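Visitor: Here you go, my_file_16.txt (compact mmCIF, C-alpha atoms and all ligand atoms):
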```txt
# COMPACT_ATOMS: atom_id res chain seq x y z
CA MET F 111 -200.70 38.68 49.73
CA PRO F 112 -201.77 37.09 46.41
CA LEU F 113 -204.21 38.96 44.16
CA PRO F 114 -207.86 37.85 44.24
CA LYS F 115 -208.62 35.32 41.53
CA VAL F 116 -210.10 36.68 38.30
CA ASP F 117 -213.38 35.04 37.27
CA ASN F 118 -212.74 34.57 33.53
CA ASP F 119 -216.29 33.36 32.84
CA TYR F 120 -217.71 36.50 34.41
CA LEU F 121 -215.30 38.68 32.45
CA VAL F 122 -216.12 37.11 29.07
CA ASP F 123 -219.86 36.95 29.75
CA PHE F 124 -219.97 40.65 30.71
CA LEU F 125 -217.82 41.56 27.71
CA VAL F 126 -219.97 39.67 25.20
CA LYS F 127 -223.13 41.31 26.55
CA LEU F 128 -221.56 44.79 26.39
CA LEU F 129 -220.23 44.19 22.87
CA ASN F 130 -223.73 43.34 21.72
CA ILE F 131 -225.16 46.67 22.91
CA PRO F 132 -224.82 49.26 20.11
CA SER F 133 -222.99 52.36 21.38
CA PRO F 134 -221.50 54.62 18.72
CA THR F 135 -220.19 57.87 20.22
CA GLY F 136 -223.18 60.10 20.98
CA PHE F 137 -225.57 57.16 21.36
CA THR F 138 -224.20 55.41 24.44
CA GLU F 139 -227.09 55.57 26.91
CA GLU F 140 -227.96 51.86 26.78
CA ALA F 141 -224.33 50.77 27.23
CA ILE F 142 -223.78 53.21 30.11
CA ALA F 143 -227.01 52.02 31.76
CA PHE F 144 -225.89 48.39 31.39
CA VAL F 145 -222.57 49.09 33.13
CA GLU F 146 -224.36 51.15 35.78
CA LYS F 147 -226.74 48.28 36.54
CA GLU F 148 -223.84 45.86 36.95
CA LEU F 149 -221.96 48.24 39.25
CA SER F 150 -225.10 48.84 41.32
CA HIS F 151 -224.57 45.32 42.74
CA PHE F 152 -221.53 46.56 44.65
CA GLY F 153 -222.58 48.48 47.76
CA GLN F 154 -219.05 49.87 48.16
CA LEU F 155 -219.53 52.12 45.12
CA GLU F 156 -221.16 55.56 44.95
CA LEU F 157 -222.50 55.91 41.40
CA SER F 158 -223.12 59.13 39.55
CA ARG F 159 -223.50 60.43 36.00
CA THR F 160 -221.85 63.44 34.47
CA ARG F 161 -224.06 65.88 32.59
CA LYS F 162 -222.29 64.69 29.43
CA GLY F 163 -223.55 61.18 30.16
CA ALA F 164 -220.45 59.41 31.45
CA LEU F 165 -220.66 57.10 34.46
CA VAL F 166 -218.51 57.64 37.55
CA ALA F 167 -218.19 55.14 40.40
CA LYS F 168 -216.36 56.18 43.55
CA TRP F 169 -214.94 53.60 45.96
CA VAL F 170 -213.75 55.13 49.22
CA GLY F 171 -210.33 53.66 50.00
CA GLN F 172 -208.47 52.95 53.22
CA SER F 173 -206.95 56.37 52.73
CA ASP F 174 -208.32 59.47 51.01
CA ASN F 175 -205.26 61.74 50.95
CA ALA F 176 -204.17 60.92 47.37
CA PRO F 177 -207.21 59.71 45.39
CA VAL F 178 -206.73 58.09 42.00
CA ALA F 179 -208.84 57.47 38.91
CA LEU F 180 -209.12 54.91 36.16
CA THR F 181 -210.94 55.44 32.88
CA ALA F 182 -212.13 53.24 30.00
CA HIS F 183 -214.66 54.03 27.28
CA VAL F 184 -217.90 52.38 26.13
CA ASP F 185 -218.36 54.52 23.03
CA THR F 186 -217.35 53.00 19.72
CA LEU F 187 -216.92 53.86 16.08
CA GLY F 188 -220.11 54.15 14.07
CA ALA F 189 -221.90 56.47 11.66
CA MET F 190 -224.87 58.78 11.11
CA VAL F 191 -227.21 59.21 8.19
CA LYS F 192 -225.73 61.95 5.99
CA GLU F 193 -228.21 61.94 3.13
CA ILE F 194 -231.29 60.04 1.98
CA LYS F 195 -230.65 59.18 -1.66
CA ARG F 196 -233.19 59.27 -4.48
CA ASN F 197 -233.00 55.46 -4.65
CA GLY F 198 -234.07 55.24 -0.99
CA ARG F 199 -230.64 54.21 0.27
CA LEU F 200 -228.53 56.20 2.73
CA THR F 201 -225.13 57.80 2.55
CA ILE F 202 -223.30 57.99 5.86
CA THR F 203 -220.94 60.22 7.78
CA ARG F 204 -218.43 58.37 9.92
CA ILE F 205 -218.15 58.69 13.71
CA GLY F 206 -214.54 58.41 14.92
CA GLY F 207 -211.88 56.64 12.88
CA LEU F 208 -214.20 54.14 11.21
CA MET F 209 -212.55 52.49 8.19
CA LEU F 210 -215.24 51.82 5.60
CA ASN F 211 -213.49 48.81 4.06
CA ALA F 212 -213.65 47.19 7.52
CA VAL F 213 -217.47 47.33 7.64
CA GLU F 214 -218.24 46.67 3.97
CA THR F 215 -221.18 44.21 3.72
CA GLU F 216 -221.74 44.37 7.51
CA GLY F 217 -225.25 44.39 8.95
CA CYS F 218 -226.31 47.56 10.75
CA TRP F 219 -229.15 49.24 12.60
CA VAL F 220 -230.42 52.72 11.85
CA PHE F 221 -231.92 54.29 15.00
CA THR F 222 -234.69 56.76 14.20
CA SER F 223 -235.40 59.84 16.27
CA LYS F 224 -238.73 58.28 17.32
CA GLY F 225 -236.90 55.41 19.04
CA GLU F 226 -237.44 52.77 16.37
CA LYS F 227 -234.76 50.90 14.49
CA VAL F 228 -234.48 49.77 10.88
CA ARG F 229 -232.23 46.96 9.73
CA GLY F 230 -229.82 47.26 6.81
CA SER F 231 -226.29 46.67 5.58
CA LEU F 232 -223.45 48.73 4.17
CA LEU F 233 -222.39 48.17 0.54
CA ILE F 234 -220.58 50.00 -2.21
CA ASP F 235 -222.89 51.63 -4.73
CA ALA F 236 -221.63 49.28 -7.46
CA ALA F 237 -221.91 46.03 -5.54
CA SER F 238 -223.31 43.55 -8.05
CA ALA F 239 -220.56 41.66 -9.88
CA HIS F 240 -222.99 40.78 -12.71
CA VAL F 241 -223.81 44.43 -13.33
CA TYR F 242 -220.65 46.37 -12.55
CA ALA F 243 -217.88 43.78 -13.23
CA ALA F 244 -214.45 45.30 -12.42
CA LYS F 245 -216.06 48.43 -10.93
CA ALA F 246 -217.27 46.28 -8.01
CA THR F 247 -213.70 45.60 -6.92
CA GLU F 248 -212.08 48.85 -8.01
CA THR F 249 -214.54 51.35 -6.50
CA LYS F 250 -212.93 53.33 -3.67
CA ARG F 251 -214.43 52.47 -0.30
CA ASP F 252 -215.27 56.02 0.80
CA GLU F 253 -218.31 58.00 1.97
CA ASP F 254 -219.15 58.99 -1.62
CA HIS F 255 -219.37 55.40 -2.84
CA MET F 256 -220.87 53.49 0.06
CA GLU F 257 -224.52 53.30 1.02
CA VAL F 258 -226.81 51.65 3.53
CA ARG F 259 -229.29 49.30 1.83
CA LEU F 260 -232.32 49.07 4.10
CA ASP F 261 -234.15 45.79 4.67
CA ALA F 262 -237.46 47.53 4.05
CA ARG F 263 -239.53 48.15 0.91
CA THR F 264 -238.15 51.45 -0.29
CA MET F 265 -237.02 52.56 -3.73
CA SER F 266 -237.30 56.31 -3.16
CA GLU F 267 -236.36 59.08 -0.80
CA ASN F 268 -239.99 59.51 0.27
CA GLU F 269 -240.50 55.85 1.12
CA THR F 270 -237.36 55.95 3.28
CA ARG F 271 -238.54 59.11 5.04
CA ASN F 272 -241.85 57.33 5.67
CA LEU F 273 -239.90 54.68 7.61
CA GLY F 274 -239.08 57.48 10.05
CA ILE F 275 -235.48 57.83 8.92
CA GLN F 276 -233.94 61.29 8.92
CA VAL F 277 -230.55 62.89 8.39
CA GLY F 278 -228.54 62.57 11.61
CA ASP F 279 -229.96 59.23 12.74
CA PHE F 280 -227.34 57.05 14.40
CA ILE F 281 -226.06 53.92 12.63
CA ALA F 282 -224.44 51.03 14.53
CA PHE F 283 -222.61 48.17 12.82
CA ASP F 284 -222.90 44.59 14.06
CA PRO F 285 -219.97 43.66 16.31
CA ARG F 286 -219.98 40.01 15.15
CA VAL F 287 -218.74 38.55 18.46
CA GLU F 288 -217.18 35.10 18.62
CA VAL F 289 -215.36 33.41 21.49
CA THR F 290 -213.11 30.49 20.49
CA ASN F 291 -210.18 28.86 22.31
CA GLY F 292 -209.79 31.84 24.62
CA PHE F 293 -209.83 34.32 21.74
CA VAL F 294 -212.50 37.02 21.66
CA ARG F 295 -213.07 38.23 18.09
CA SER F 296 -215.34 41.23 17.69
CA ARG F 297 -215.57 44.79 16.55
CA PHE F 298 -215.28 47.41 19.30
CA LEU F 299 -213.07 45.48 21.73
CA ASP F 300 -211.68 49.03 21.73
CA ASP F 301 -212.58 49.79 24.42
CA LYS F 302 -215.29 47.48 25.74
CA ALA F 303 -212.61 44.89 26.55
CA CYS F 304 -211.12 47.36 29.02
CA VAL F 305 -214.47 48.30 30.54
CA ALA F 306 -214.89 44.56 31.19
CA THR F 307 -211.49 44.38 32.89
CA LEU F 308 -212.37 47.35 35.14
CA ILE F 309 -215.70 45.83 36.16
CA THR F 310 -214.10 42.43 36.74
CA ALA F 311 -211.35 43.99 38.86
CA ILE F 312 -214.01 45.71 41.00
CA LYS F 313 -215.95 42.47 41.37
CA SER F 314 -212.87 40.38 42.23
CA LEU F 315 -211.73 42.88 44.87
CA ALA F 316 -215.23 43.25 46.31
CA ASP F 317 -215.76 39.46 46.45
CA SER F 318 -212.44 39.02 48.27
CA GLY F 319 -213.41 41.62 50.87
CA GLN F 320 -210.50 43.92 50.06
CA THR F 321 -210.57 47.72 49.78
CA PRO F 322 -208.36 49.89 47.56
CA THR F 323 -205.48 51.62 49.32
CA GLN F 324 -206.63 55.05 48.10
CA SER F 325 -210.08 56.29 47.17
CA VAL F 326 -210.65 55.63 43.49
CA HIS F 327 -212.91 57.10 40.82
CA PHE F 328 -213.82 54.71 37.99
CA HIS F 329 -214.76 56.82 34.97
CA VAL F 330 -216.67 55.10 32.16
CA SER F 331 -216.22 57.48 29.27
CA ASN F 332 -218.70 58.04 26.43
CA TYR F 333 -216.93 60.43 24.00
CA GLU F 334 -213.42 58.96 23.70
CA GLU F 335 -213.46 58.08 20.00
CA VAL F 336 -213.91 61.76 19.12
CA GLY F 337 -211.18 62.95 21.48
CA HIS F 338 -212.80 64.60 24.50
CA GLY F 339 -214.29 61.77 26.60
CA ALA F 340 -212.40 62.21 29.88
CA ALA F 341 -212.03 65.96 29.47
CA ALA F 342 -214.88 66.10 32.01
CA GLY F 343 -215.97 63.82 34.82
CA ILE F 344 -212.70 63.15 36.62
CA PRO F 345 -212.34 65.12 39.86
CA PHE F 346 -209.46 67.59 39.74
CA ASP F 347 -208.12 66.41 43.10
CA VAL F 348 -207.00 63.00 41.80
CA HIS F 349 -203.25 62.44 41.93
CA GLU F 350 -203.02 59.70 39.31
CA LEU F 351 -205.09 58.68 36.29
CA VAL F 352 -204.60 55.24 34.77
CA THR F 353 -206.17 55.09 31.33
CA VAL F 354 -207.20 51.55 30.39
CA ASP F 355 -207.40 51.20 26.63
CA MET F 356 -206.38 48.69 23.98
CA ALA F 357 -202.75 48.10 23.05
CA ALA F 358 -201.84 48.39 19.37
CA VAL F 359 -200.65 45.11 17.81
CA GLY F 360 -198.93 44.94 14.41
CA LYS F 361 -195.66 45.25 12.52
CA GLY F 362 -192.95 46.85 14.62
CA GLN F 363 -195.02 46.62 17.82
CA GLU F 364 -194.06 44.83 21.05
CA SER F 365 -197.70 44.32 22.09
CA ASN F 366 -199.55 41.07 21.47
CA GLU F 367 -202.88 39.44 22.28
CA PHE F 368 -201.53 37.47 25.24
CA HIS F 369 -200.08 40.32 27.29
CA ALA F 370 -201.13 43.60 28.78
CA THR F 371 -199.10 46.58 27.59
CA LEU F 372 -197.78 49.72 29.22
CA CYS F 373 -197.74 52.48 26.58
CA LEU F 374 -194.96 55.03 27.15
CA LYS F 375 -195.69 57.33 24.19
CA ASP F 376 -198.34 57.82 21.52
CA SER F 377 -199.36 60.62 19.17
CA GLY F 378 -199.90 62.87 22.19
CA GLY F 379 -196.32 62.43 23.41
CA PRO F 380 -194.85 60.67 26.46
CA TYR F 381 -196.96 59.58 29.43
CA HIS F 382 -195.96 60.32 33.04
CA HIS F 383 -192.61 58.65 33.70
CA GLY F 384 -193.10 58.27 37.44
CA LEU F 385 -196.52 56.61 37.19
CA SER F 386 -195.39 54.40 34.29
CA THR F 387 -192.39 53.25 36.34
CA LYS F 388 -194.66 52.55 39.32
CA LEU F 389 -196.91 50.40 37.10
CA ARG F 390 -193.90 48.44 35.80
CA LYS F 391 -192.76 47.72 39.36
CA ILE F 392 -196.26 46.62 40.34
CA ALA F 393 -196.46 44.26 37.34
CA ASP F 394 -193.01 42.82 38.07
CA ALA F 395 -193.83 42.25 41.73
CA ASN F 396 -197.08 40.45 40.87
CA GLY F 397 -195.85 38.33 37.95
CA ILE F 398 -198.19 40.05 35.49
CA PRO F 399 -197.28 39.30 31.84
CA TYR F 400 -196.78 42.68 30.16
CA LYS F 401 -195.05 44.45 27.30
CA VAL F 402 -193.84 48.02 27.01
CA ASP F 403 -194.64 49.80 23.78
CA ILE F 404 -195.13 52.97 21.74
CA TYR F 405 -198.25 53.48 19.61
CA PRO F 406 -197.60 55.44 16.41
CA PHE F 407 -201.17 56.63 15.60
CA TYR F 408 -203.07 56.80 18.87
CA GLY F 409 -204.56 59.19 21.39
CA SER F 410 -206.15 58.42 24.76
CA ASP F 411 -208.66 59.77 27.23
CA GLY F 412 -205.76 60.35 29.67
CA GLU F 413 -204.43 62.94 27.26
CA ALA F 414 -207.93 64.41 26.92
CA PHE F 415 -207.91 65.04 30.69
CA TRP F 416 -204.41 66.53 30.49
CA ARG F 417 -205.51 68.88 27.70
CA ALA F 418 -208.56 69.85 29.76
CA GLY F 419 -206.20 71.04 32.50
CA GLY F 420 -205.94 67.94 34.69
CA ASP F 421 -202.87 68.36 36.94
CA VAL F 422 -202.25 64.68 37.41
CA ALA F 423 -199.86 61.86 36.55
CA VAL F 424 -201.29 59.91 33.59
CA ALA F 425 -200.36 56.43 32.36
CA LEU F 426 -201.87 54.01 29.85
CA ILE F 427 -202.25 50.23 30.12
CA GLY F 428 -204.43 47.73 28.28
CA PRO F 429 -204.73 44.35 26.56
CA GLY F 430 -203.19 43.74 23.14
CA VAL F 431 -205.86 44.01 20.43
CA ASP F 432 -205.12 42.83 16.90
CA ALA F 433 -206.48 44.74 13.87
CA SER F 434 -207.72 47.76 15.85
CA HIS F 435 -210.62 49.77 14.42
CA ASN F 436 -211.02 46.80 12.08
CA TYR F 437 -212.31 43.31 12.89
CA GLU F 438 -210.51 43.15 16.22
CA ARG F 439 -209.34 40.23 18.31
CA THR F 440 -207.77 39.67 21.71
CA HIS F 441 -207.24 36.73 24.07
CA ILE F 442 -208.38 36.03 27.61
CA ASP F 443 -204.72 36.00 28.73
CA ALA F 444 -204.39 39.70 27.87
CA LEU F 445 -207.71 40.48 29.57
CA THR F 446 -206.71 38.60 32.73
CA ALA F 447 -203.30 40.30 32.79
CA THR F 448 -204.96 43.72 32.52
CA THR F 449 -207.49 42.90 35.27
CA ASN F 450 -204.71 41.71 37.58
CA TRP F 451 -202.70 44.84 36.87
CA ILE F 452 -205.68 47.05 37.79
CA MET F 453 -206.21 45.15 41.05
CA ALA F 454 -202.50 45.19 41.93
CA TYR F 455 -202.43 48.96 41.29
CA LEU F 456 -205.49 49.55 43.49
CA LEU F 457 -203.94 47.51 46.33
CA SER F 458 -200.48 49.10 46.01
CA ASP F 459 -199.04 51.59 48.52
ZN ZN I 501 -210.01 53.16 22.69
```
Could you write out this file's structure as structure tokens?

Guide:
Amino acid sequence: MPLPKVDNDYLVDFLVKLLNIPSPTGFTEEAIAFVEKELSHFGQLELSRTRKGALVAKWVGQSDNAPVALTAHVDTLGAMVKEIKRNGRLTITRIGGLMLNAVETEGCWVFTSKGEKVRGSLLIDAASAHVYAAKATETKRDEDHMEVRLDARTMSENETRNLGIQVGDFIAFDPRVEVTNGFVRSRFLDDKACVATLITAIKSLADSGQTPTQSVHFHVSNYEEVGHGAAAGIPFDVHELVTVDMAAVGKGQESNEFHATLCLKDSGGPYHHGLSTKLRKIADANGIPYKVDIYPFYGSDGEAFWRAGGDVAVALIGPGVDASHNYERTHIDALTATTNWIMAYLLSD
């Protein structure tokens, strides 16, 4: 039986909306609520939240003797206010593996503890070419030399505090989303692209009237970028966990923006050989374009569950994403391939 057709417009529309919701790790409530609202349209799903704030959706399958889980994360890189400087600007502390050169000059929001937000942008502290000359290019892009310049009248620490800004306020950088010729270019495709493929797979299956072979728990993680997202929230009786996260594209890599990838090993070591082999067979049988790869500097939420004691087969699939943790890009072909792979897995014996 052929797989249900993937609605590409739905996928991209959902993805663009999710990308435009700020969700640095620790500040993911709005993104989780957005996904929750979308999933609430599907009566087949039982929705719940973990105490840590992750979203879990259970779909009771045709059989319940070997339940499975899939996870993808909505949290992203970001920052917090580290210090309010005497000139009224802010130094930051990074959340996750944010590379400061990748967000230099980017617009950002500072979220105050009172629920307000203040606009600004991130610059080096010697930004003006007419004042600092060579220093403007040579200054190291690190936490000591970069600052948030607020779009508010402040020249002093006190004036900034009067805006309601305090140490520890979350900072989210603009994703700068563009969709052109099937390419989606944006920050934080890691891992919102994969959340979009999960939701689209659910919708496509539901619309076609099909039910997963086994009961399945969809886990939308909110602490992945700091290493412990899926350590909680996945029931310990699941037999398999398929982590859906971006594939690393670059020199020496097999992955690209037009395929899904099966990752066999990353910084956390090899994934489960049996489940990886099963996923290859499923992709082959369904004509899904995929690559097989190894990611040199990478950890996943599947490994977080393993480290938390999960006795389960874990594998990792996802769309190729260029320039990860930088200004990322992928293509609808990779997103469609990943969505089809998820559906084929859910319908497999
Ligand atoms: Zn990720």

Visitor: Give the residues close to ligand ZN 501 (chain I), within 12 Å, counting all atoms listed in the file; write them as an mmCIF file with C-alpha atoms, in the frame of the given file.

Guide:
```cif
data_model
loop_
_atom_site.group_PDB
_atom_site.id
_atom_site.type_symbol
_atom_site.label_atom_id
_atom_site.label_comp_id
_atom_site.auth_asym_id
_atom_site.auth_seq_id
_atom_site.Cartn_x
_atom_site.Cartn_y
_atom_site.Cartn_z
ATOM 1 C CA THR F 135 -220.190 57.870 20.220
ATOM 2 C CA THR F 181 -210.940 55.440 32.880
ATOM 3 C CA ALA F 182 -212.130 53.240 30.000
ATOM 4 C CA HIS F 183 -214.660 54.030 27.280
ATOM 5 C CA VAL F 184 -217.900 52.380 26.130
ATOM 6 C CA ASP F 185 -218.360 54.520 23.030
ATOM 7 C CA THR F 186 -217.350 53.000 19.720
ATOM 8 C CA LEU F 187 -216.920 53.860 16.080
ATOM 9 C CA GLY F 206 -214.540 58.410 14.920
ATOM 10 C CA GLY F 207 -211.880 56.640 12.880
ATOM 11 C CA ARG F 297 -215.570 44.790 16.550
ATOM 12 C CA PHE F 298 -215.280 47.410 19.300
ATOM 13 C CA LEU F 299 -213.070 45.480 21.730
ATOM 14 C CA ASP F 300 -211.680 49.030 21.730
ATOM 15 C CA ASP F 301 -212.580 49.790 24.420
ATOM 16 C CA LYS F 302 -215.290 47.480 25.740
ATOM 17 C CA ALA F 303 -212.610 44.890 26.550
ATOM 18 C CA CYS F 304 -211.120 47.360 29.020
ATOM 19 C CA VAL F 305 -214.470 48.300 30.540
ATOM 20 C CA VAL F 330 -216.670 55.100 32.160
ATOM 21 C CA SER F 331 -216.220 57.480 29.270
ATOM 22 C CA ASN F 332 -218.700 58.040 26.430
ATOM 23 C CA TYR F 333 -216.930 60.430 24.000
ATOM 24 C CA GLU F 334 -213.420 58.960 23.700
ATOM 25 C CA GLU F 335 -213.460 58.080 20.000
ATOM 26 C CA VAL F 336 -213.910 61.760 19.120
ATOM 27 C CA GLY F 337 -211.180 62.950 21.480
ATOM 28 C CA HIS F 338 -212.800 64.600 24.500
ATOM 29 C CA GLY F 339 -214.290 61.770 26.600
ATOM 30 C CA ALA F 340 -212.400 62.210 29.880
ATOM 31 C CA THR F 353 -206.170 55.090 31.330
ATOM 32 C CA VAL F 354 -207.200 51.550 30.390
ATOM 33 C CA ASP F 355 -207.400 51.200 26.630
ATOM 34 C CA MET F 356 -206.380 48.690 23.980
ATOM 35 C CA ALA F 357 -202.750 48.100 23.050
ATOM 36 C CA ALA F 358 -201.840 48.390 19.370
ATOM 37 C CA PHE F 407 -201.170 56.630 15.600
ATOM 38 C CA TYR F 408 -203.070 56.800 18.870
ATOM 39 C CA GLY F 409 -204.560 59.190 21.390
ATOM 40 C CA SER F 410 -206.150 58.420 24.760
ATOM 41 C CA ASP F 411 -208.660 59.770 27.230
ATOM 42 C CA GLY F 412 -205.760 60.350 29.670
ATOM 43 C CA LEU F 426 -201.870 54.010 29.850
ATOM 44 C CA ILE F 427 -202.250 50.230 30.120
ATOM 45 C CA GLY F 428 -204.430 47.730 28.280
ATOM 46 C CA PRO F 429 -204.730 44.350 26.560
ATOM 47 C CA GLY F 430 -203.190 43.740 23.140
ATOM 48 C CA VAL F 431 -205.860 44.010 20.430
ATOM 49 C CA SER F 434 -207.720 47.760 15.850
ATOM 50 C CA HIS F 435 -210.620 49.770 14.420
ATOM 51 C CA GLU F 438 -210.510 43.150 16.220
#
```

Visitor: Any idea what the distance is between atom CA of F:Gly379 and atom CA of F:Ala425?

Guide: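 For atom CA of F:Gly379 relative to atom CA of F:Ala425, the distance reads 11.5 Å.
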
Visitor: Please determine the residues with any atom at most 12 Å from (-210.2, 65.5, 45.1) (coordinates as given in the file, with only C-alpha atoms counting) and report them as an MDAnalysis selection string.

Guide: chainID F and resid 168 170 174:179 324:327 343:350 420:422

Visitor: Under the rule that only C-alpha atoms are counted, which of F:Ala244, F:Ile392, F:Leu155, F:Val145 is the nearest residue to F:Leu125?

Guide: F:Val145

Visitor: Can you build me a table of stretch 211-313 of chain F residues sitting at most 12 Å from stretch 189-194 of chain F, with the closest atom pair per residue and its distance in Å to one decimal, using only C-alpha atoms, sorted by chain and residue number, as a Markdown table?

Guide:
```
| residue | atom | partner | partner_atom | distance |
| --- | --- | --- | --- | --- |
| F:Val213 | CA | F:Ala189 | CA | 10.9 |
| F:Cys218 | CA | F:Ala189 | CA | 10.0 |
| F:Trp219 | CA | F:Ala189 | CA | 10.3 |
| F:Val220 | CA | F:Val191 | CA | 8.1 |
| F:Phe221 | CA | F:Met190 | CA | 9.2 |
| F:Thr222 | CA | F:Val191 | CA | 9.9 |
| F:Ser223 | CA | F:Val191 | CA | 11.5 |
| F:Leu232 | CA | F:Ala189 | CA | 10.9 |
| F:Glu253 | CA | F:Lys192 | CA | 9.3 |
| F:Asp254 | CA | F:Lys192 | CA | 10.5 |
| F:Met256 | CA | F:Lys192 | CA | 11.4 |
| F:Glu257 | CA | F:Ile194 | CA | 9.6 |
| F:Val258 | CA | F:Val191 | CA | 8.9 |
| F:Arg259 | CA | F:Ile194 | CA | 10.9 |
| F:Leu260 | CA | F:Ile194 | CA | 11.2 |
| F:Thr264 | CA | F:Ile194 | CA | 11.2 |
| F:Met265 | CA | F:Ile194 | CA | 11.0 |
| F:Ser266 | CA | F:Ile194 | CA | 8.7 |
| F:Glu267 | CA | F:Ile194 | CA | 5.9 |
| F:Asn268 | CA | F:Ile194 | CA | 8.9 |
| F:Glu269 | CA | F:Ile194 | CA | 10.2 |
| F:Thr270 | CA | F:Ile194 | CA | 7.4 |
| F:Arg271 | CA | F:Ile194 | CA | 7.9 |
| F:Asn272 | CA | F:Ile194 | CA | 11.5 |
| F:Leu273 | CA | F:Ile194 | CA | 11.6 |
| F:Gly274 | CA | F:Ile194 | CA | 11.5 |
| F:Ile275 | CA | F:Ile194 | CA | 8.4 |
| F:Gln276 | CA | F:Val191 | CA | 7.1 |
| F:Val277 | CA | F:Val191 | CA | 5.0 |
| F:Gly278 | CA | F:Val191 | CA | 5.0 |
| F:Asp279 | CA | F:Val191 | CA | 5.3 |
| F:Phe280 | CA | F:Met190 | CA | 4.5 |
| F:Ile281 | CA | F:Ala189 | CA | 5.0 |
| F:Ala282 | CA | F:Ala189 | CA | 6.7 |
| F:Phe283 | CA | F:Ala189 | CA | 8.4 |
```

Visitor: State, in Å with one decimal place, the distance from atom CA of F:Asn130 to atom CA of F:Gly360.

Guide: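 For atom CA of F:Asn130 relative to atom CA of F:Gly360, the distance reads 25.9 Å.
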
Visitor: If I take atom CA of F:Leu149 and atom CA of F:Leu315, how far is one from the other in Å, to one decimal?

Guide: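 We find that atom CA of F:Leu149 and atom CA of F:Leu315 lie 12.8 Å from each other.
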
Visitor: Closest to F:Lys361 among F:Met453, F:Ala433, F:Asp317, F:Asp376, using only C-alpha atoms?

Guide: F:Ala433

Visitor: Residues near F:Cys373, anyone? I mean within 6 Å using only C-alpha atoms, not counting same-chain ones fewer than 5 positions away, as an MDAnalysis selection string.

Guide: chainID F and resid 402:404 426

Visitor: Which one is closest to F:Thr307: F:Ser458, F:Asn450, F:Thr138, F:Thr203? Count all atoms listed in the file.

Guide: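 Nearest to F:Thr307: F:Asn450.
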
Visitor: Would you mind telling me which residue in F:Arg161, F:Arg263, F:Lys401, F:Arg417 lies nearest to F:Leu389 when using only C-alpha atoms?

Guide: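 Of all the options, F:Lys401 lies closest to F:Leu389.
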
Visitor: Fewer than 3 positions away in the same chain doesn't count, so skip those; otherwise give me all residues within 9 Å of F:Glu214, counting only C-alpha atoms, as a count of residues only.

Guide: 9

Visitor: Nearest to F:Ile205 among F:Gly225, F:Gly163, F:Gly419, F:Pro134, with distances taken over all atoms listed in the file: which residue is it?

Guide: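 Counting all atoms listed in the file, the residue closest to F:Ile205 is F:Pro134.
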
Visitor: Residues near F:Gly319, anyone? I mean within 12 Å using only C-alpha atoms, not counting same-chain ones fewer than 6 positions away, as a ChimeraX atom specification.

Guide: /F:113-114,152-154,312-313

Visitor: Which residue, F:Asn396, F:Thr449, F:Asn291, F:Ser386, has the smallest gap to F:Val424 when you use only C-alpha atoms?

Guide: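 Counting only C-alpha atoms, the residue closest to F:Val424 is F:Ser386.
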
Visitor: Excluding F:Thr440 and residues on its chain fewer than 4 positions from it, collect all residues at most 6 Å away from it, counting all atoms listed in the file, and give them as a count of residues only.

Guide: 4
